[in-house]
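A short worksheet on the structure shown next.
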Amino acid sequence: FADGFKTLPDWDVYYENNKGVEAYKKGQLNEAQKNFGDAQARDPGRPELEFNQGVIQFKQGQLDQAIEAFGASAQKAQNQKDEVLYGKS
């Protein structure tokens, strides 16, 4: 998961992402997806949030959507010069 951010997000984006990470750790994939989606709606340009959606989609067997999310994450990470997340995506 991308639980760290290269630049600091707004508090509500950070909070929703962390709630998603915690839900994922508990195996609550639908709740995690909702939390990541809420964070992404507030800040759609963050590659970390796109990446986290991809992880959930992969775990749910939604492979086409996961590939698309990872590709979008990689593109955003590359644009933001985030080499670590670009490599993970």
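The chains in the structure tokens are called A, B, ... from first to last as shown; in each chain the residues are counted from 1, and the ligands are counted from 1 in the order shown.
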Give me, as a PDB file with C-alpha atoms, in the first residue's frame, all polymer residues having an atom no more than 8 Å from stretch 9-21 of chain A, counting only C-alpha atoms and skipping those fewer than 6 positions away in the same chain.
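The new file out_24.pdb reads:
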```pdb
ATOM      1  CA  PHE A   1       0.000   0.000   0.000  1.00  0.00           C
ATOM      2  CA  ASP A   3       0.255   4.860   3.065  1.00  0.00           C
ATOM      3  CA  GLU A  31     -14.849  -0.432   3.372  1.00  0.00           C
ATOM      4  CA  ALA A  32     -11.248   0.162   2.281  1.00  0.00           C
ATOM      5  CA  GLN A  33     -12.389   0.808  -1.284  1.00  0.00           C
ATOM      6  CA  LYS A  34     -14.983   3.303  -0.020  1.00  0.00           C
ATOM      7  CA  ASN A  35     -12.389   5.131   2.081  1.00  0.00           C
ATOM      8  CA  PHE A  36      -9.879   5.289  -0.759  1.00  0.00           C
ATOM      9  CA  ASP A  38     -13.630   9.231  -0.649  1.00  0.00           C
ATOM     10  CA  ALA A  39     -10.016  10.383  -0.425  1.00  0.00           C
ATOM     11  CA  GLN A  40      -9.626  10.194  -4.190  1.00  0.00           C
ATOM     12  CA  ARG A  42     -11.243  15.013  -2.599  1.00  0.00           C
ATOM     13  CA  ASP A  43      -7.843  14.881  -4.285  1.00  0.00           C
ATOM     14  CA  LEU A  49      -4.799   6.923  -3.909  1.00  0.00           C
TER      15      LEU A  49
END
```
Requested in this report: Go through chain A and collect every residue that DSSP, computed from the backbone, puts in helix (DSSP H, G or I); the answer should be as a PyMOL selection string.
Outcome: chain A and resi 11-25+29-42+47-59+63-79+83-88
**Report entry** Interatomic distance (Å, one decimal) between atom CA of A:Tyr86 and atom CA of A:Asn30
**Finding:**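 So the two atoms, atom CA of A:Tyr86 and atom CA of A:Asn30, lie 25.4 Å apart.
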**Report entry** Nearest to A:Gln75 by atom-to-atom distance, counting only C-alpha atoms, from A:Arg46, A:Val55, A:Ala41, A:Gln60
**Finding:**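 Comparing A:Arg46, A:Val55, A:Ala41, A:Gln60 against A:Gln75, the winner is A:Arg46.
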Report task. Excluding A:Phe58 and any residue of its chain fewer than 5 positions from it, enumerate the residues within 12 Å of it, using only C-alpha atoms, and give them as a list in words. Result ->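 Counting only C-alpha atoms, the residues come to Leu29, Gln33, Phe51, Asn52, Gln53, Leu63, Asp64, Gln65, Ala66, Ile67, Glu68, Ala69 and Phe70 of chain A.
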Taking 6 positions as the minimum chain separation for residues in the same chain, which residues sit within 12 Å of A:Asn79 when counting only C-alpha atoms? Answer as a PDB file with all heavy atoms, in the first residue's frame.
```
ATOM      1  N   GLY A  45      -5.772  13.884  -8.004  1.00  0.00           N
ATOM      2  CA  GLY A  45      -4.450  13.892  -8.622  1.00  0.00           C
ATOM      3  C   GLY A  45      -3.385  13.109  -7.886  1.00  0.00           C
ATOM      4  O   GLY A  45      -2.268  12.981  -8.357  1.00  0.00           O
ATOM      5  N   ARG A  46      -3.726  12.547  -6.746  1.00  0.00           N
ATOM      6  CA  ARG A  46      -2.726  11.832  -5.946  1.00  0.00           C
ATOM      7  C   ARG A  46      -2.520  10.407  -6.445  1.00  0.00           C
ATOM      8  O   ARG A  46      -3.430   9.582  -6.411  1.00  0.00           O
ATOM      9  CB  ARG A  46      -3.149  11.794  -4.480  1.00  0.00           C
ATOM     10  CG  ARG A  46      -3.031  13.146  -3.839  1.00  0.00           C
ATOM     11  CD  ARG A  46      -2.706  12.987  -2.372  1.00  0.00           C
ATOM     12  NE  ARG A  46      -2.358  14.293  -1.867  1.00  0.00           N
ATOM     13  CZ  ARG A  46      -1.103  14.707  -1.721  1.00  0.00           C
ATOM     14  NH1 ARG A  46      -0.096  13.924  -2.014  1.00  0.00           N
ATOM     15  NH2 ARG A  46      -0.863  15.902  -1.263  1.00  0.00           N
ATOM     16  N   PRO A  47      -1.316  10.090  -6.887  1.00  0.00           N
ATOM     17  CA  PRO A  47      -1.059   8.734  -7.392  1.00  0.00           C
ATOM     18  C   PRO A  47      -1.182   7.666  -6.319  1.00  0.00           C
ATOM     19  O   PRO A  47      -1.522   6.521  -6.614  1.00  0.00           O
ATOM     20  CB  PRO A  47       0.364   8.818  -7.944  1.00  0.00           C
ATOM     21  CG  PRO A  47       0.999   9.972  -7.258  1.00  0.00           C
ATOM     22  CD  PRO A  47      -0.124  10.942  -6.968  1.00  0.00           C
ATOM     23  N   ALA A  72      -2.590   4.363 -14.221  1.00  0.00           N
ATOM     24  CA  ALA A  72      -2.854   5.775 -13.907  1.00  0.00           C
ATOM     25  C   ALA A  72      -1.965   6.242 -12.763  1.00  0.00           C
ATOM     26  O   ALA A  72      -1.450   7.370 -12.780  1.00  0.00           O
ATOM     27  CB  ALA A  72      -4.326   5.966 -13.558  1.00  0.00           C
ATOM     28  N   SER A  73      -1.770   5.381 -11.782  1.00  0.00           N
ATOM     29  CA  SER A  73      -0.887   5.711 -10.664  1.00  0.00           C
ATOM     30  C   SER A  73       0.540   5.937 -11.148  1.00  0.00           C
ATOM     31  O   SER A  73       1.203   6.891 -10.747  1.00  0.00           O
ATOM     32  CB  SER A  73      -0.915   4.595  -9.626  1.00  0.00           C
ATOM     33  OG  SER A  73       0.028   4.825  -8.612  1.00  0.00           O
ATOM     34  N   LEU A  85       7.018   5.399  -5.967  1.00  0.00           N
ATOM     35  CA  LEU A  85       5.677   4.947  -6.305  1.00  0.00           C
ATOM     36  C   LEU A  85       5.582   4.564  -7.781  1.00  0.00           C
ATOM     37  O   LEU A  85       4.881   3.619  -8.133  1.00  0.00           O
ATOM     38  CB  LEU A  85       4.636   6.019  -5.968  1.00  0.00           C
ATOM     39  CG  LEU A  85       3.173   5.583  -6.102  1.00  0.00           C
ATOM     40  CD1 LEU A  85       2.887   4.344  -5.251  1.00  0.00           C
ATOM     41  CD2 LEU A  85       2.254   6.708  -5.745  1.00  0.00           C
ATOM     42  N   TYR A  86       6.300   5.254  -8.630  1.00  0.00           N
ATOM     43  CA  TYR A  86       6.318   4.899 -10.054  1.00  0.00           C
ATOM     44  C   TYR A  86       6.796   3.457 -10.224  1.00  0.00           C
ATOM     45  O   TYR A  86       6.213   2.677 -10.973  1.00  0.00           O
ATOM     46  CB  TYR A  86       7.210   5.862 -10.833  1.00  0.00           C
ATOM     47  CG  TYR A  86       7.348   5.507 -12.295  1.00  0.00           C
ATOM     48  CD1 TYR A  86       6.283   5.710 -13.162  1.00  0.00           C
ATOM     49  CD2 TYR A  86       8.518   4.970 -12.795  1.00  0.00           C
ATOM     50  CE1 TYR A  86       6.392   5.368 -14.507  1.00  0.00           C
ATOM     51  CE2 TYR A  86       8.639   4.636 -14.126  1.00  0.00           C
ATOM     52  CZ  TYR A  86       7.582   4.845 -14.975  1.00  0.00           C
ATOM     53  OH  TYR A  86       7.690   4.504 -16.308  1.00  0.00           O
TER      54      TYR A  86
END
```
Query raised in the report: Between atom CA of A:Gly71 and atom CA of A:Ala23, what is the spacing in Å?
Result: 23.8 Å
Query raised in the report: What does the distance from atom CA of A:Gly54 to atom CA of A:Lys76 come to in Å, to one decimal?
Result: 13.6 Å
**Report entry** Counting only C-alpha atoms, the option among A:Pro44, A:Tyr24, A:Gln57, A:Glu50 closest to A:Ser89
**Finding:**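 Of the candidates, the smallest distance to A:Ser89 is held by A:Glu50.
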